[in-house]
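Structure file entry01.csv (CSV, C-alpha atoms and all ligand atoms) follows.
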chain,number,residue,atom,x,y,z
A,17,MET,CA,-1.4,-17.9,-7.7
A,18,ALA,CA,0.9,-15.3,-6.3
A,19,GLN,CA,1.7,-17.4,-3.2
A,20,GLN,CA,3.3,-20.1,-5.4
A,21,ARG,CA,5.8,-17.7,-7.0
A,22,PRO,CA,9.2,-19.1,-6.1
A,23,SER,CA,10.7,-15.6,-5.9
A,24,PHE,CA,8.1,-14.2,-3.5
A,25,PRO,CA,10.2,-11.6,-1.7
A,26,ALA,CA,8.6,-11.8,1.7
A,27,ARG,CA,11.5,-14.0,2.7
A,28,LEU,CA,13.3,-10.7,3.3
A,29,ASP,CA,13.2,-10.4,7.1
A,30,PHE,CA,11.8,-6.9,7.6
A,31,SER,CA,11.2,-7.6,11.2
A,32,SER,CA,14.8,-7.7,12.3
A,33,GLY,CA,15.5,-4.4,10.5
A,34,LYS,CA,19.2,-4.5,11.4
A,35,PRO,CA,21.0,-1.9,9.4
A,36,GLY,CA,23.9,-3.3,7.5
A,37,ALA,CA,22.5,-6.9,7.2
A,38,PRO,CA,23.4,-8.2,3.8
A,39,GLY,CA,20.6,-8.2,1.3
A,40,LYS,CA,18.5,-5.6,3.0
A,41,ILE,CA,20.3,-2.4,2.3
A,42,LEU,CA,19.0,-1.4,-1.1
A,43,PRO,CA,18.2,2.2,-2.1
A,44,VAL,CA,14.7,3.4,-1.9
A,45,SER,CA,14.0,4.2,-5.5
A,46,GLY,CA,13.4,7.8,-6.1
A,47,ALA,CA,14.6,8.7,-2.7
A,48,SER,CA,17.7,10.7,-1.8
A,49,PRO,CA,20.8,8.6,-1.9
A,50,ALA,CA,21.1,6.2,1.1
A,51,PRO,CA,23.2,7.7,3.8
A,52,SER,CA,26.6,6.1,4.1
A,53,LYS,CA,26.1,5.5,7.8
A,54,PRO,CA,23.1,3.5,8.7
A,55,LYS,CA,20.3,5.7,10.1
A,56,PRO,CA,19.6,5.0,13.7
A,57,GLN,CA,16.2,3.5,14.1
A,58,ALA,CA,13.5,5.7,15.4
A,59,ALA,CA,13.0,5.2,19.1
A,60,HIS,CA,9.3,4.5,18.6
A,61,ALA,CA,10.1,1.7,16.3
A,62,THR,CA,11.5,-0.5,19.0
A,63,GLN,CA,9.9,0.9,22.2
A,64,GLY,CA,6.5,1.1,23.5
A,65,LEU,CA,5.1,-1.9,21.8
A,66,GLY,CA,5.2,-3.9,25.0
A,67,MET,CA,5.8,-7.2,23.1
A,68,ASP,CA,7.6,-8.6,20.2
A,69,SER,CA,6.2,-6.9,17.1
A,70,ALA,CA,6.3,-10.1,15.0
A,71,ALA,CA,4.1,-11.9,17.5
A,72,VAL,CA,1.6,-9.0,17.5
A,73,ARG,CA,1.6,-9.0,13.7
A,74,ALA,CA,1.0,-12.8,13.7
A,75,ARG,CA,-2.0,-12.2,15.8
A,76,MET,CA,-3.2,-9.5,13.4
A,77,VAL,CA,-2.8,-11.9,10.5
A,78,ARG,CA,-4.8,-14.5,12.4
A,79,HIS,CA,-7.6,-12.0,12.7
A,80,LEU,CA,-7.3,-11.0,9.1
A,81,ALA,CA,-7.6,-14.7,8.1
A,82,ALA,CA,-10.6,-15.2,10.4
A,83,SER,CA,-12.3,-12.2,8.9
A,84,GLY,CA,-12.1,-13.7,5.4
A,85,ILE,CA,-8.7,-12.7,3.9
A,86,ALA,CA,-7.8,-15.9,2.1
A,87,SER,CA,-4.7,-15.0,0.0
A,88,ALA,CA,-1.6,-16.5,1.4
A,89,ALA,CA,0.5,-13.9,-0.3
A,90,VAL,CA,-1.5,-11.0,1.2
A,91,LEU,CA,-1.4,-12.6,4.7
A,92,GLN,CA,2.3,-13.1,4.4
A,93,ALA,CA,2.8,-9.5,3.3
A,94,MET,CA,0.7,-8.2,6.1
A,95,GLY,CA,2.7,-10.3,8.6
A,96,THR,CA,5.9,-9.0,7.2
A,97,VAL,CA,5.5,-5.2,7.0
A,98,GLU,CA,6.0,-3.5,10.4
A,99,ARG,CA,2.9,-1.2,10.6
A,100,HIS,CA,4.2,0.4,13.8
A,101,ARG,CA,6.9,2.1,11.8
A,102,PHE,CA,4.3,4.1,9.9
A,103,VAL,CA,2.5,5.7,12.8
A,104,ASP,CA,3.3,8.3,15.3
A,105,SER,CA,5.1,7.2,18.5
A,106,ALA,CA,2.0,8.0,20.5
A,107,LEU,CA,0.0,5.5,18.5
A,108,VAL,CA,2.4,2.6,18.3
A,109,ASN,CA,0.4,0.6,20.8
A,110,GLN,CA,-2.6,0.7,18.4
A,111,ALA,CA,-0.6,-0.1,15.3
A,112,TYR,CA,-1.8,-3.7,15.0
A,113,GLU,CA,-5.4,-3.1,16.0
A,114,ASP,CA,-7.9,-3.2,13.2
A,115,THR,CA,-8.3,0.5,13.2
A,116,SER,CA,-7.5,3.5,11.0
A,117,LEU,CA,-5.1,6.0,12.6
A,118,PRO,CA,-4.3,9.6,11.9
A,119,ILE,CA,-1.1,10.2,10.0
A,120,GLY,CA,-1.1,14.0,9.9
A,121,LEU,CA,-2.6,16.7,7.7
A,122,GLY,CA,-6.1,15.4,8.3
A,123,GLN,CA,-5.3,12.0,6.6
A,124,THR,CA,-5.4,8.4,7.9
A,125,ILE,CA,-3.7,5.1,7.5
A,126,SER,CA,-6.4,2.6,6.5
A,127,LYS,CA,-7.4,-0.3,8.8
A,128,PRO,CA,-5.3,-3.4,8.2
A,129,ASN,CA,-8.4,-5.2,7.1
A,130,VAL,CA,-9.1,-2.7,4.4
A,131,VAL,CA,-5.5,-2.8,3.2
A,132,ALA,CA,-5.6,-6.6,3.1
A,133,ARG,CA,-9.0,-6.7,1.4
A,134,MET,CA,-8.0,-4.2,-1.3
A,135,SER,CA,-4.7,-6.0,-1.9
A,136,GLU,CA,-6.5,-9.3,-2.2
A,137,LEU,CA,-8.9,-7.8,-4.7
A,138,LEU,CA,-6.0,-6.4,-6.7
A,139,LEU,CA,-4.5,-9.9,-6.8
A,140,GLY,CA,-7.8,-11.1,-8.3
A,141,ALA,CA,-7.0,-9.3,-11.5
A,142,GLU,CA,-6.8,-11.5,-14.6
A,143,LEU,CA,-3.2,-10.3,-15.1
A,144,ALA,CA,-2.3,-11.4,-11.6
A,145,ARG,CA,-3.9,-14.8,-12.1
A,146,THR,CA,-2.1,-15.5,-15.3
A,147,GLY,CA,1.3,-14.4,-14.0
A,148,SER,CA,2.0,-11.9,-11.3
A,149,LEU,CA,1.2,-8.3,-10.8
A,150,ALA,CA,3.7,-6.4,-12.8
A,151,ARG,CA,3.2,-2.7,-12.3
A,152,VAL,CA,0.8,-1.2,-9.7
A,153,LEU,CA,-0.2,2.4,-9.2
A,154,GLU,CA,-1.4,3.6,-5.8
A,155,ILE,CA,-3.2,6.9,-5.5
A,156,GLY,CA,-2.7,8.3,-2.0
A,157,THR,CA,0.6,7.2,-0.6
A,158,GLY,CA,-0.2,8.7,2.8
A,159,CYS,CA,2.3,7.3,5.3
A,160,GLY,CA,3.5,4.6,2.8
A,161,TYR,CA,2.2,1.5,4.5
A,162,GLN,CA,0.0,0.2,1.7
A,163,ALA,CA,2.9,0.9,-0.7
A,164,ALA,CA,5.2,-1.3,1.4
A,165,VAL,CA,2.6,-4.1,1.4
A,166,LEU,CA,2.2,-3.8,-2.3
A,167,SER,CA,5.9,-4.0,-2.8
A,168,LEU,CA,5.7,-7.6,-1.7
A,169,LEU,CA,2.9,-8.4,-4.1
A,170,ALA,CA,3.9,-6.5,-7.3
A,171,ARG,CA,7.0,-6.1,-9.3
A,172,GLU,CA,6.9,-2.3,-9.4
A,173,VAL,CA,4.9,0.0,-7.3
A,174,TYR,CA,4.3,3.6,-8.3
A,175,SER,CA,2.6,5.6,-5.4
A,176,ILE,CA,1.5,9.1,-5.8
A,177,GLU,CA,0.6,11.6,-3.1
A,178,ARG,CA,-0.8,15.2,-3.5
A,179,LEU,CA,0.4,16.5,-0.1
A,180,ARG,CA,4.0,17.3,0.1
A,181,GLY,CA,4.2,16.8,3.8
A,182,LEU,CA,2.9,13.2,3.5
A,183,HIS,CA,5.0,12.4,0.4
A,184,ASP,CA,8.1,13.4,2.5
A,185,LYS,CA,6.9,11.4,5.5
A,186,ALA,CA,6.3,8.3,3.4
A,187,ARG,CA,9.8,8.6,1.9
A,188,GLU,CA,11.2,8.9,5.4
A,189,ASN,CA,9.1,5.9,6.7
A,190,LEU,CA,10.0,3.7,3.7
A,191,ARG,CA,13.7,4.5,3.8
A,192,HIS,CA,14.1,2.0,6.6
A,193,PHE,CA,12.8,-0.8,4.4
A,194,ARG,CA,15.0,-0.1,1.4
A,195,LEU,CA,12.4,-1.2,-1.2
A,196,PRO,CA,13.9,-0.8,-4.6
A,197,ASN,CA,10.6,-1.5,-6.4
A,198,VAL,CA,8.7,1.4,-4.7
A,199,HIS,CA,8.6,4.6,-6.6
A,200,LEU,CA,7.2,7.6,-4.7
A,201,LEU,CA,5.8,10.4,-6.7
A,202,PHE,CA,4.5,13.8,-5.7
A,203,GLY,CA,1.6,15.0,-7.7
A,204,ASP,CA,-2.1,14.9,-8.4
A,205,GLY,CA,-3.1,11.3,-8.6
A,206,MET,CA,-6.3,12.1,-10.3
A,207,LEU,CA,-4.2,12.3,-13.5
A,208,GLY,CA,-2.8,8.9,-12.7
A,209,TYR,CA,0.9,8.5,-13.7
A,210,ALA,CA,1.1,8.0,-17.5
A,211,LYS,CA,4.8,7.3,-17.5
A,212,GLY,CA,4.4,4.0,-15.6
A,213,ALA,CA,1.3,2.9,-17.6
A,214,PRO,CA,-0.1,0.4,-18.4
A,215,TYR,CA,-0.7,-0.9,-14.9
A,216,ALA,CA,-1.8,-4.4,-14.0
A,217,GLY,CA,-3.4,-2.9,-10.9
A,218,ILE,CA,-4.5,0.6,-9.7
A,219,ILE,CA,-5.5,1.1,-6.1
A,220,ALA,CA,-6.8,4.3,-4.6
A,221,ALA,CA,-6.9,5.2,-0.9
A,222,ALA,CA,-9.1,8.2,-1.4
A,223,GLY,CA,-12.6,8.3,-2.9
A,224,GLY,CA,-14.4,10.7,-5.1
A,225,ALA,CA,-17.8,10.8,-6.9
A,226,ALA,CA,-16.4,9.1,-10.0
A,227,VAL,CA,-13.3,7.2,-11.0
A,228,PRO,CA,-11.1,9.5,-13.1
A,229,GLN,CA,-10.9,8.4,-16.7
A,230,ALA,CA,-7.1,8.7,-16.6
A,231,TRP,CA,-7.1,5.7,-14.2
A,232,THR,CA,-9.0,3.4,-16.5
A,233,ASP,CA,-7.1,4.6,-19.5
A,234,GLN,CA,-3.8,3.7,-17.7
A,235,LEU,CA,-5.1,0.2,-16.8
A,236,ALA,CA,-3.7,-2.7,-18.9
A,237,ILE,CA,-6.1,-5.1,-20.5
A,238,GLY,CA,-6.6,-7.8,-17.9
A,239,GLY,CA,-5.8,-5.2,-15.2
A,240,ARG,CA,-7.9,-4.2,-12.3
A,241,LEU,CA,-8.7,-1.0,-10.4
A,242,VAL,CA,-9.8,-1.0,-6.8
A,243,ALA,CA,-11.1,2.2,-5.4
A,244,PRO,CA,-13.6,3.8,-3.0
A,245,MET,CA,-16.3,5.7,-4.8
A,246,VAL,CA,-19.1,7.8,-3.5
A,247,SER,CA,-22.4,6.6,-4.7
A,248,GLY,CA,-25.6,8.6,-5.5
A,249,THR,CA,-26.7,8.1,-1.9
A,250,GLY,CA,-23.6,9.8,-0.6
A,251,GLN,CA,-22.3,6.5,0.8
A,252,GLN,CA,-18.8,5.4,-0.1
A,253,ALA,CA,-18.3,1.9,-1.5
A,254,LEU,CA,-15.4,-0.1,-2.8
A,255,VAL,CA,-15.5,-0.4,-6.5
A,256,VAL,CA,-13.7,-2.9,-8.7
A,257,ILE,CA,-13.2,-2.2,-12.3
A,258,ASP,CA,-11.7,-4.8,-14.6
A,259,ARG,CA,-10.4,-3.8,-18.0
A,260,THR,CA,-11.2,-6.6,-20.4
A,261,ALA,CA,-10.7,-6.8,-24.2
A,262,GLN,CA,-14.4,-6.1,-24.4
A,263,GLY,CA,-14.4,-3.0,-22.2
A,264,LEU,CA,-14.7,-2.1,-18.5
A,265,LYS,CA,-16.6,-4.3,-16.1
A,266,GLN,CA,-17.6,-2.7,-12.7
A,267,GLN,CA,-18.6,-4.3,-9.4
A,268,VAL,CA,-19.7,-2.3,-6.4
A,269,LEU,CA,-18.8,-4.0,-3.2
A,270,GLU,CA,-19.0,-3.2,0.5
A,271,ALA,CA,-19.3,0.2,2.2
A,272,VAL,CA,-16.0,1.9,3.2
A,273,HIS,CA,-14.8,5.1,4.7
A,274,PHE,CA,-11.9,6.8,3.0
A,275,VAL,CA,-10.7,10.4,2.9
A,276,PRO,CA,-11.9,12.4,-0.1
A,277,LEU,CA,-10.0,12.3,-3.3
A,278,LYS,CA,-8.9,15.9,-4.1
A,279,SER,CA,-7.5,17.5,-7.1
A,280,GLY,CA,-4.3,19.5,-7.3
A,281,ILE,CA,-1.3,19.4,-5.0
A,282,ALA,CA,-0.7,21.1,-1.6
B,301,LIG,N1,-2.5,4.2,1.5
B,301,LIG,C1,-2.3,5.2,2.5
B,301,LIG,C2,-3.6,5.8,2.9
B,301,LIG,C3,-3.5,7.3,3.0
B,301,LIG,S1,-5.0,8.2,3.1
B,301,LIG,C4,-1.5,4.7,3.7
B,301,LIG,O1,-1.2,3.5,3.7
B,301,LIG,O2,-1.2,5.4,4.6
B,301,LIG,C5,-5.3,8.7,1.5
B,301,LIG,C6,-4.3,9.7,0.9
B,301,LIG,O3,-4.8,10.0,-0.4
B,301,LIG,C7,-4.1,11.0,1.6
B,301,LIG,O4,-2.8,11.1,2.0
B,301,LIG,C8,-4.5,12.0,0.7
B,301,LIG,O5,-3.7,13.2,0.7
B,301,LIG,C9,-4.3,11.3,-0.7
B,301,LIG,N2,-4.9,11.9,-1.8
B,301,LIG,C10,-6.2,12.4,-1.9
B,301,LIG,N3,-6.4,12.9,-3.2
B,301,LIG,C11,-5.3,12.6,-3.9
B,301,LIG,C12,-4.9,12.8,-5.2
B,301,LIG,N4,-5.7,13.4,-6.1
B,301,LIG,N5,-3.6,12.4,-5.6
B,301,LIG,C13,-2.8,11.9,-4.7
B,301,LIG,N6,-3.1,11.6,-3.5
B,301,LIG,C14,-4.3,12.0,-3.0
As structure tokens, the full file:
Amino acid sequence: MAQQRPSFPARLDFSSGKPGAPGKILPVSGASPAPSKPKPQAAHATQGLGMDSAAVRARMVRHLAASGIASAAVLQAMGTVERHRFVDSALVNQAYEDTSLPIGLGQTISKPNVVARMSELLLGAELARTGSLARVLEIGTGCGYQAAVLSLLAREVYSIERLRGLHDKARENLRHFRLPNVHLLFGDGMLGYAKGAPYAGIIAAAGGAAVPQAWTDQLAIGGRLVAPMVSGTGQQALVVIDRTAQGLKQQVLEAVHFVPLKSGIA
């Protein structure tokens, strides 16, 4: 199980976020070079929360556990990543509520429960059970929150976004965390990202009428894809596809509400 991995990186104390602390200042892969002077933290990151953010996150984690999230690794990751750093200053007080929030350009950051649920499903992949999640592809970086959570659960995270404005925003948001294993890509995620394939896990934060074949093609044997998909009735549901040596196995799970998967870049 992932939580037994001795090198689980959640020991990194994201919550203190002190620039210059040893072991925390690593370049965000694919981002512009780290500034030589530590970047002052955004005012909204430390103000307006009304209480210590670690305590609010711990409460969120208790709610996640009570709602059925069982993976210790996922709960630890959710308790580690500061969600309030990914939302607008006006929304900081809602950052640890179980709600989706607008992130600009008509898109939303998913509810913590959905992020945790999808992460947990991803960790259920055969490849994760037999070792750990090596490479993961995320379609729909948005503000970068899910990518930060995944960075604690997988060795390498490739995250692709089709909207330039959000790709840039995610890069800005993630710079603070200095996650060397997160690779942000700008492009049409419907094509996947062949250069990083095969993936132990693929996770999509946007749903279409079908899962693009590029995604299943880029999945490793033993790998798992977790994505929202619109069914015949027009309802969106979470779909899990396992790639086995015998072929693809699909499960349709609970109803979800994700933004639409769109082709092309903008
Ligand atoms: N995981 C994100 C959720 C973002 S919402 C977070 O933690 O914030 C889903 C995102 O998917 C949107 O930003 C949307 O622009 C993006 N998206 C939709 N279709 C896409 C595509 N074909 N390729 C890449 N990103 C896509």
**Request:** Name each residue within 8 Å of ligand LIG 301 (chain B), counting only C-alpha atoms and all ligand atoms, as a PyMOL selection string.
**Result:** chain A and resi 102+119+121+123-126+131+154-163+176-179+182+202-208+220-223+274-281
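Minimum distance to Val165 in chain A across A:Ala243, A:Ala150, A:Leu107, A:Ala132 (counting all atoms listed in the file) occurs at A:Ala132.
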**Asked** Skipping near chain neighbours, those fewer than 6 positions away, what residues fall within 12 Å of range 263-272 of chain A using all atoms listed in the file, listed as a PyMOL selection string?
**Response** chain A and resi 116+126-127+129-131+133-134+137+141+221-223+227+229+231-233+235-247+249-257
Keeping only C-alpha atoms, write those residues as a PDB file, keeping the file's coordinate frame.
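Output below, filename part_1.pdb:
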ATOM      1  CA  SER A 116      -7.500   3.500  11.000  1.00  0.00           C
ATOM      2  CA  SER A 126      -6.400   2.600   6.500  1.00  0.00           C
ATOM      3  CA  LYS A 127      -7.400  -0.300   8.800  1.00  0.00           C
ATOM      4  CA  ASN A 129      -8.400  -5.200   7.100  1.00  0.00           C
ATOM      5  CA  VAL A 130      -9.100  -2.700   4.400  1.00  0.00           C
ATOM      6  CA  VAL A 131      -5.500  -2.800   3.200  1.00  0.00           C
ATOM      7  CA  ARG A 133      -9.000  -6.700   1.400  1.00  0.00           C
ATOM      8  CA  MET A 134      -8.000  -4.200  -1.300  1.00  0.00           C
ATOM      9  CA  LEU A 137      -8.900  -7.800  -4.700  1.00  0.00           C
ATOM     10  CA  ALA A 141      -7.000  -9.300 -11.500  1.00  0.00           C
ATOM     11  CA  ALA A 221      -6.900   5.200  -0.900  1.00  0.00           C
ATOM     12  CA  ALA A 222      -9.100   8.200  -1.400  1.00  0.00           C
ATOM     13  CA  GLY A 223     -12.600   8.300  -2.900  1.00  0.00           C
ATOM     14  CA  VAL A 227     -13.300   7.200 -11.000  1.00  0.00           C
ATOM     15  CA  GLN A 229     -10.900   8.400 -16.700  1.00  0.00           C
ATOM     16  CA  TRP A 231      -7.100   5.700 -14.200  1.00  0.00           C
ATOM     17  CA  THR A 232      -9.000   3.400 -16.500  1.00  0.00           C
ATOM     18  CA  ASP A 233      -7.100   4.600 -19.500  1.00  0.00           C
ATOM     19  CA  LEU A 235      -5.100   0.200 -16.800  1.00  0.00           C
ATOM     20  CA  ALA A 236      -3.700  -2.700 -18.900  1.00  0.00           C
ATOM     21  CA  ILE A 237      -6.100  -5.100 -20.500  1.00  0.00           C
ATOM     22  CA  GLY A 238      -6.600  -7.800 -17.900  1.00  0.00           C
ATOM     23  CA  GLY A 239      -5.800  -5.200 -15.200  1.00  0.00           C
ATOM     24  CA  ARG A 240      -7.900  -4.200 -12.300  1.00  0.00           C
ATOM     25  CA  LEU A 241      -8.700  -1.000 -10.400  1.00  0.00           C
ATOM     26  CA  VAL A 242      -9.800  -1.000  -6.800  1.00  0.00           C
ATOM     27  CA  ALA A 243     -11.100   2.200  -5.400  1.00  0.00           C
ATOM     28  CA  PRO A 244     -13.600   3.800  -3.000  1.00  0.00           C
ATOM     29  CA  MET A 245     -16.300   5.700  -4.800  1.00  0.00           C
ATOM     30  CA  VAL A 246     -19.100   7.800  -3.500  1.00  0.00           C
ATOM     31  CA  SER A 247     -22.400   6.600  -4.700  1.00  0.00           C
ATOM     32  CA  THR A 249     -26.700   8.100  -1.900  1.00  0.00           C
ATOM     33  CA  GLY A 250     -23.600   9.800  -0.600  1.00  0.00           C
ATOM     34  CA  GLN A 251     -22.300   6.500   0.800  1.00  0.00           C
ATOM     35  CA  GLN A 252     -18.800   5.400  -0.100  1.00  0.00           C
ATOM     36  CA  ALA A 253     -18.300   1.900  -1.500  1.00  0.00           C
ATOM     37  CA  LEU A 254     -15.400  -0.100  -2.800  1.00  0.00           C
ATOM     38  CA  VAL A 255     -15.500  -0.400  -6.500  1.00  0.00           C
ATOM     39  CA  VAL A 256     -13.700  -2.900  -8.700  1.00  0.00           C
ATOM     40  CA  ILE A 257     -13.200  -2.200 -12.300  1.00  0.00           C
TER      41      ILE A 257
END
**Message:** Report, in Å with one decimal, the straight-line distance from CA of Asn197 in chain A to CA of Ala226 in chain A.
**Reply:**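 About the pair CA of Asn197 in chain A and CA of Ala226 in chain A: they are 29.2 Å apart.
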Contacts of Tyr112 in chain A at 8 Å (only C-alpha atoms; same-chain gap of 2+ positions) as a PDB file with C-alpha atoms, in the frame of the given file:
ATOM      1  CA  VAL A  72       1.600  -9.000  17.500  1.00  0.00           C
ATOM      2  CA  ARG A  73       1.600  -9.000  13.700  1.00  0.00           C
ATOM      3  CA  MET A  76      -3.200  -9.500  13.400  1.00  0.00           C
ATOM      4  CA  ARG A  99       2.900  -1.200  10.600  1.00  0.00           C
ATOM      5  CA  HIS A 100       4.200   0.400  13.800  1.00  0.00           C
ATOM      6  CA  ASN A 109       0.400   0.600  20.800  1.00  0.00           C
ATOM      7  CA  GLN A 110      -2.600   0.700  18.400  1.00  0.00           C
ATOM      8  CA  ASP A 114      -7.900  -3.200  13.200  1.00  0.00           C
ATOM      9  CA  THR A 115      -8.300   0.500  13.200  1.00  0.00           C
ATOM     10  CA  PRO A 128      -5.300  -3.400   8.200  1.00  0.00           C
TER      11      PRO A 128
END
**Prompt:** Which distance in Å separates CA of Leu168 in chain A and CA of Val90 in chain A, to one decimal?
**Reply:** 8.5 Å
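You will find CA of Ala89 in chain A at 11.3 Å from CA of Ser148 in chain A.
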